[in-house]
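So this block is input01.pdb, PDB, C-alpha atoms, pLDDT in the B column:
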MODEL        1
ATOM      1  CA  MET A   1      -9.571 -39.814  78.188  1.00 44.00           C
ATOM      2  CA  SER A   2      -6.767 -37.387  78.742  1.00 45.00           C
ATOM      3  CA  ARG A   3      -3.279 -38.577  79.513  1.00 56.00           C
ATOM      4  CA  GLU A   4      -0.740 -36.400  81.218  1.00 60.00           C
ATOM      5  CA  ALA A   5       2.384 -35.869  79.190  1.00 63.00           C
ATOM      6  CA  ALA A   6       5.387 -37.695  80.529  1.00 67.00           C
ATOM      7  CA  ASP A   7       8.190 -35.485  81.822  1.00 65.00           C
ATOM      8  CA  LEU A   8      11.056 -36.168  79.451  1.00 64.00           C
ATOM      9  CA  SER A   9      13.194 -33.246  80.569  1.00 67.00           C
ATOM     10  CA  PHE A  10      15.746 -35.581  82.163  1.00 60.00           C
ATOM     11  CA  PHE A  11      16.621 -36.999  78.751  1.00 63.00           C
ATOM     12  CA  GLN A  12      17.526 -33.514  77.523  1.00 70.00           C
ATOM     13  CA  SER A  13      19.377 -32.527  80.672  1.00 75.00           C
ATOM     14  CA  GLU A  14      23.094 -31.929  80.908  1.00 77.00           C
ATOM     15  CA  THR A  15      23.389 -35.006  83.128  1.00 73.00           C
ATOM     16  CA  ALA A  16      21.732 -37.233  80.544  1.00 67.00           C
ATOM     17  CA  GLN A  17      23.893 -35.816  77.775  1.00 68.00           C
ATOM     18  CA  SER A  18      26.987 -36.458  79.877  1.00 70.00           C
ATOM     19  CA  LEU A  19      25.916 -40.048  80.548  1.00 64.00           C
ATOM     20  CA  ARG A  20      25.324 -40.656  76.836  1.00 70.00           C
ATOM     21  CA  ALA A  21      28.758 -39.224  75.962  1.00 65.00           C
ATOM     22  CA  GLU A  22      30.370 -41.404  78.620  1.00 69.00           C
ATOM     23  CA  GLY A  23      28.623 -44.454  77.201  1.00 70.00           C
ATOM     24  CA  ARG A  24      29.788 -43.648  73.678  1.00 80.00           C
ATOM     25  CA  ALA A  25      33.377 -43.245  74.879  1.00 77.00           C
ATOM     26  CA  GLU A  26      33.226 -46.546  76.775  1.00 89.00           C
ATOM     27  CA  GLY A  27      31.863 -48.254  73.664  1.00 86.00           C
ATOM     28  CA  ARG A  28      34.583 -46.788  71.456  1.00 92.00           C
ATOM     29  CA  ALA A  29      37.298 -47.787  73.939  1.00 94.00           C
ATOM     30  CA  GLY A  30      35.851 -51.296  74.066  1.00 94.00           C
ATOM     31  CA  ALA A  31      35.868 -51.520  70.273  1.00 94.00           C
ATOM     32  CA  LEU A  32      39.480 -50.351  70.210  1.00 96.00           C
ATOM     33  CA  LEU A  33      40.544 -52.973  72.748  1.00 97.00           C
ATOM     34  CA  LEU A  34      38.619 -55.673  70.871  1.00 96.00           C
ATOM     35  CA  LEU A  35      40.263 -54.698  67.578  1.00 96.00           C
ATOM     36  CA  LEU A  36      43.730 -54.785  69.116  1.00 97.00           C
ATOM     37  CA  ASP A  37      43.002 -58.158  70.714  1.00 96.00           C
ATOM     38  CA  ARG A  38      41.699 -59.683  67.477  1.00 96.00           C
ATOM     39  CA  ARG A  39      44.732 -58.384  65.585  1.00 96.00           C
ATOM     40  CA  GLY A  40      47.052 -59.915  68.176  1.00 97.00           C
ATOM     41  CA  VAL A  41      48.455 -56.577  69.334  1.00 96.00           C
ATOM     42  CA  GLY A  42      49.596 -56.842  72.940  1.00 96.00           C
ATOM     43  CA  VAL A  43      48.223 -54.259  75.370  1.00 96.00           C
ATOM     44  CA  SER A  44      49.683 -53.806  78.846  1.00 97.00           C
ATOM     45  CA  GLU A  45      47.490 -53.107  81.856  1.00 97.00           C
ATOM     46  CA  GLU A  46      48.724 -49.505  81.816  1.00 96.00           C
ATOM     47  CA  GLU A  47      47.828 -49.123  78.127  1.00 96.00           C
ATOM     48  CA  ARG A  48      44.455 -50.786  78.704  1.00 96.00           C
ATOM     49  CA  ALA A  49      43.763 -48.318  81.548  1.00 96.00           C
ATOM     50  CA  ARG A  50      44.790 -45.411  79.307  1.00 96.00           C
ATOM     51  CA  ILE A  51      42.372 -46.525  76.600  1.00 96.00           C
ATOM     52  CA  SER A  52      39.536 -47.336  78.996  1.00 93.00           C
ATOM     53  CA  GLY A  53      39.976 -44.046  80.843  1.00 93.00           C
ATOM     54  CA  CYS A  54      39.908 -41.855  77.752  1.00 92.00           C
ATOM     55  CA  THR A  55      36.700 -39.864  77.326  1.00 90.00           C
ATOM     56  CA  ASP A  56      37.767 -37.734  74.356  1.00 92.00           C
ATOM     57  CA  MET A  57      35.941 -39.105  71.319  1.00 90.00           C
ATOM     58  CA  GLU A  58      38.313 -37.404  68.872  1.00 93.00           C
ATOM     59  CA  VAL A  59      41.329 -39.045  70.503  1.00 95.00           C
ATOM     60  CA  LEU A  60      39.559 -42.413  70.591  1.00 94.00           C
ATOM     61  CA  ASP A  61      38.724 -42.075  66.882  1.00 93.00           C
ATOM     62  CA  VAL A  62      42.379 -41.347  66.063  1.00 96.00           C
ATOM     63  CA  TRP A  63      43.496 -44.339  68.124  1.00 96.00           C
ATOM     64  CA  LEU A  64      40.861 -46.585  66.535  1.00 94.00           C
ATOM     65  CA  THR A  65      41.969 -45.561  63.049  1.00 95.00           C
ATOM     66  CA  ARG A  66      45.628 -46.216  63.905  1.00 96.00           C
ATOM     67  CA  ALA A  67      44.729 -49.572  65.443  1.00 96.00           C
ATOM     68  CA  ILE A  68      43.602 -50.838  62.047  1.00 95.00           C
ATOM     69  CA  THR A  69      47.233 -51.125  60.927  1.00 95.00           C
ATOM     70  CA  ALA A  70      49.273 -50.736  64.136  1.00 95.00           C
ATOM     71  CA  SER A  71      51.612 -53.514  65.202  1.00 95.00           C
ATOM     72  CA  SER A  72      51.941 -52.185  68.760  1.00 95.00           C
ATOM     73  CA  ALA A  73      50.003 -50.137  71.270  1.00 95.00           C
ATOM     74  CA  ALA A  74      52.762 -47.511  71.051  1.00 95.00           C
ATOM     75  CA  GLU A  75      51.822 -47.034  67.384  1.00 96.00           C
ATOM     76  CA  VAL A  76      48.171 -46.597  68.355  1.00 96.00           C
ATOM     77  CA  PHE A  77      49.139 -43.815  70.748  1.00 96.00           C
ATOM     78  CA  GLY A  78      51.394 -42.226  68.114  1.00 94.00           C
ATOM     79  CA  GLU A  79      54.515 -42.788  70.176  1.00 81.00           C
ATOM     80  CA  GLY A  80      57.774 -43.237  68.368  1.00 59.00           C
ATOM     81  CA  GLU A  81      56.585 -41.560  65.166  1.00 55.00           C
TER      82      GLU A  81
ENDMDL
END

Represent the supplied structure as structure tokens.
Amino acid sequence: MSREAADLSFFQSETAQSLRAEGRAEGRAGALLLLLDRRGVGVSEEERARISGCTDMEVLDVWLTRAITASSAAEVFGEGE
């Protein structure tokens, strides 16, 4: 019995890669917001939108690293340094 090979080209397409990157960014932003919440760091709606809207993984990684010790969202964004 011969089976036809499934067309997996979509999963290698630019669209699929873009969707995966978007999902990773959303996950990282969610982790950042969760960390800030658990540490008791207040986040305004504007700051929350800035974090949630960021799709640059390098920026999100910097923010996540800063959030480990930050006492304010401004510190996470590197403002006032």

Could you put an axis-aligned box around every listed atom of segment 44-52 of chain A, padded by 6 Å on each side, and send me its centre and edge lengths in Å to one decimal, as lines of an AutoDock Vina configuration file?
center_x = 44.6
center_y = -49.6
center_z = 79.2
size_x = 22.1
size_y = 20.4
size_z = 17.3

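In this comparison, which uses all atoms listed in the file, the residue of A:Asp61, A:Glu79, A:Glu45, A:Glu14 approaching Gly27 of chain A most closely is A:Asp61.
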
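Among the candidates A:Leu36, A:Ala49, A:Ala29, A:Met57, the residue lying nearest to Ala73 of chain A is A:Leu36 (atoms considered: all atoms listed in the file).
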
Self-check item: Within 8 Å of Ser72 of chain A using only C-alpha atoms, minus same-chain residues under 3 positions, as JSON, numbers by chain
Solution: {"A": [41, 42, 43, 75, 76]}

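A straight line drawn from atom CA of Arg28 of chain A to atom CA of Gly40 of chain A is 18.4 Å long.
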
Practice problem: Enter the distance from atom CA of Trp63 of chain A to atom CA of Ser18 of chain A, in Å, rounded to one decimal. | Solution: 21.7 Å
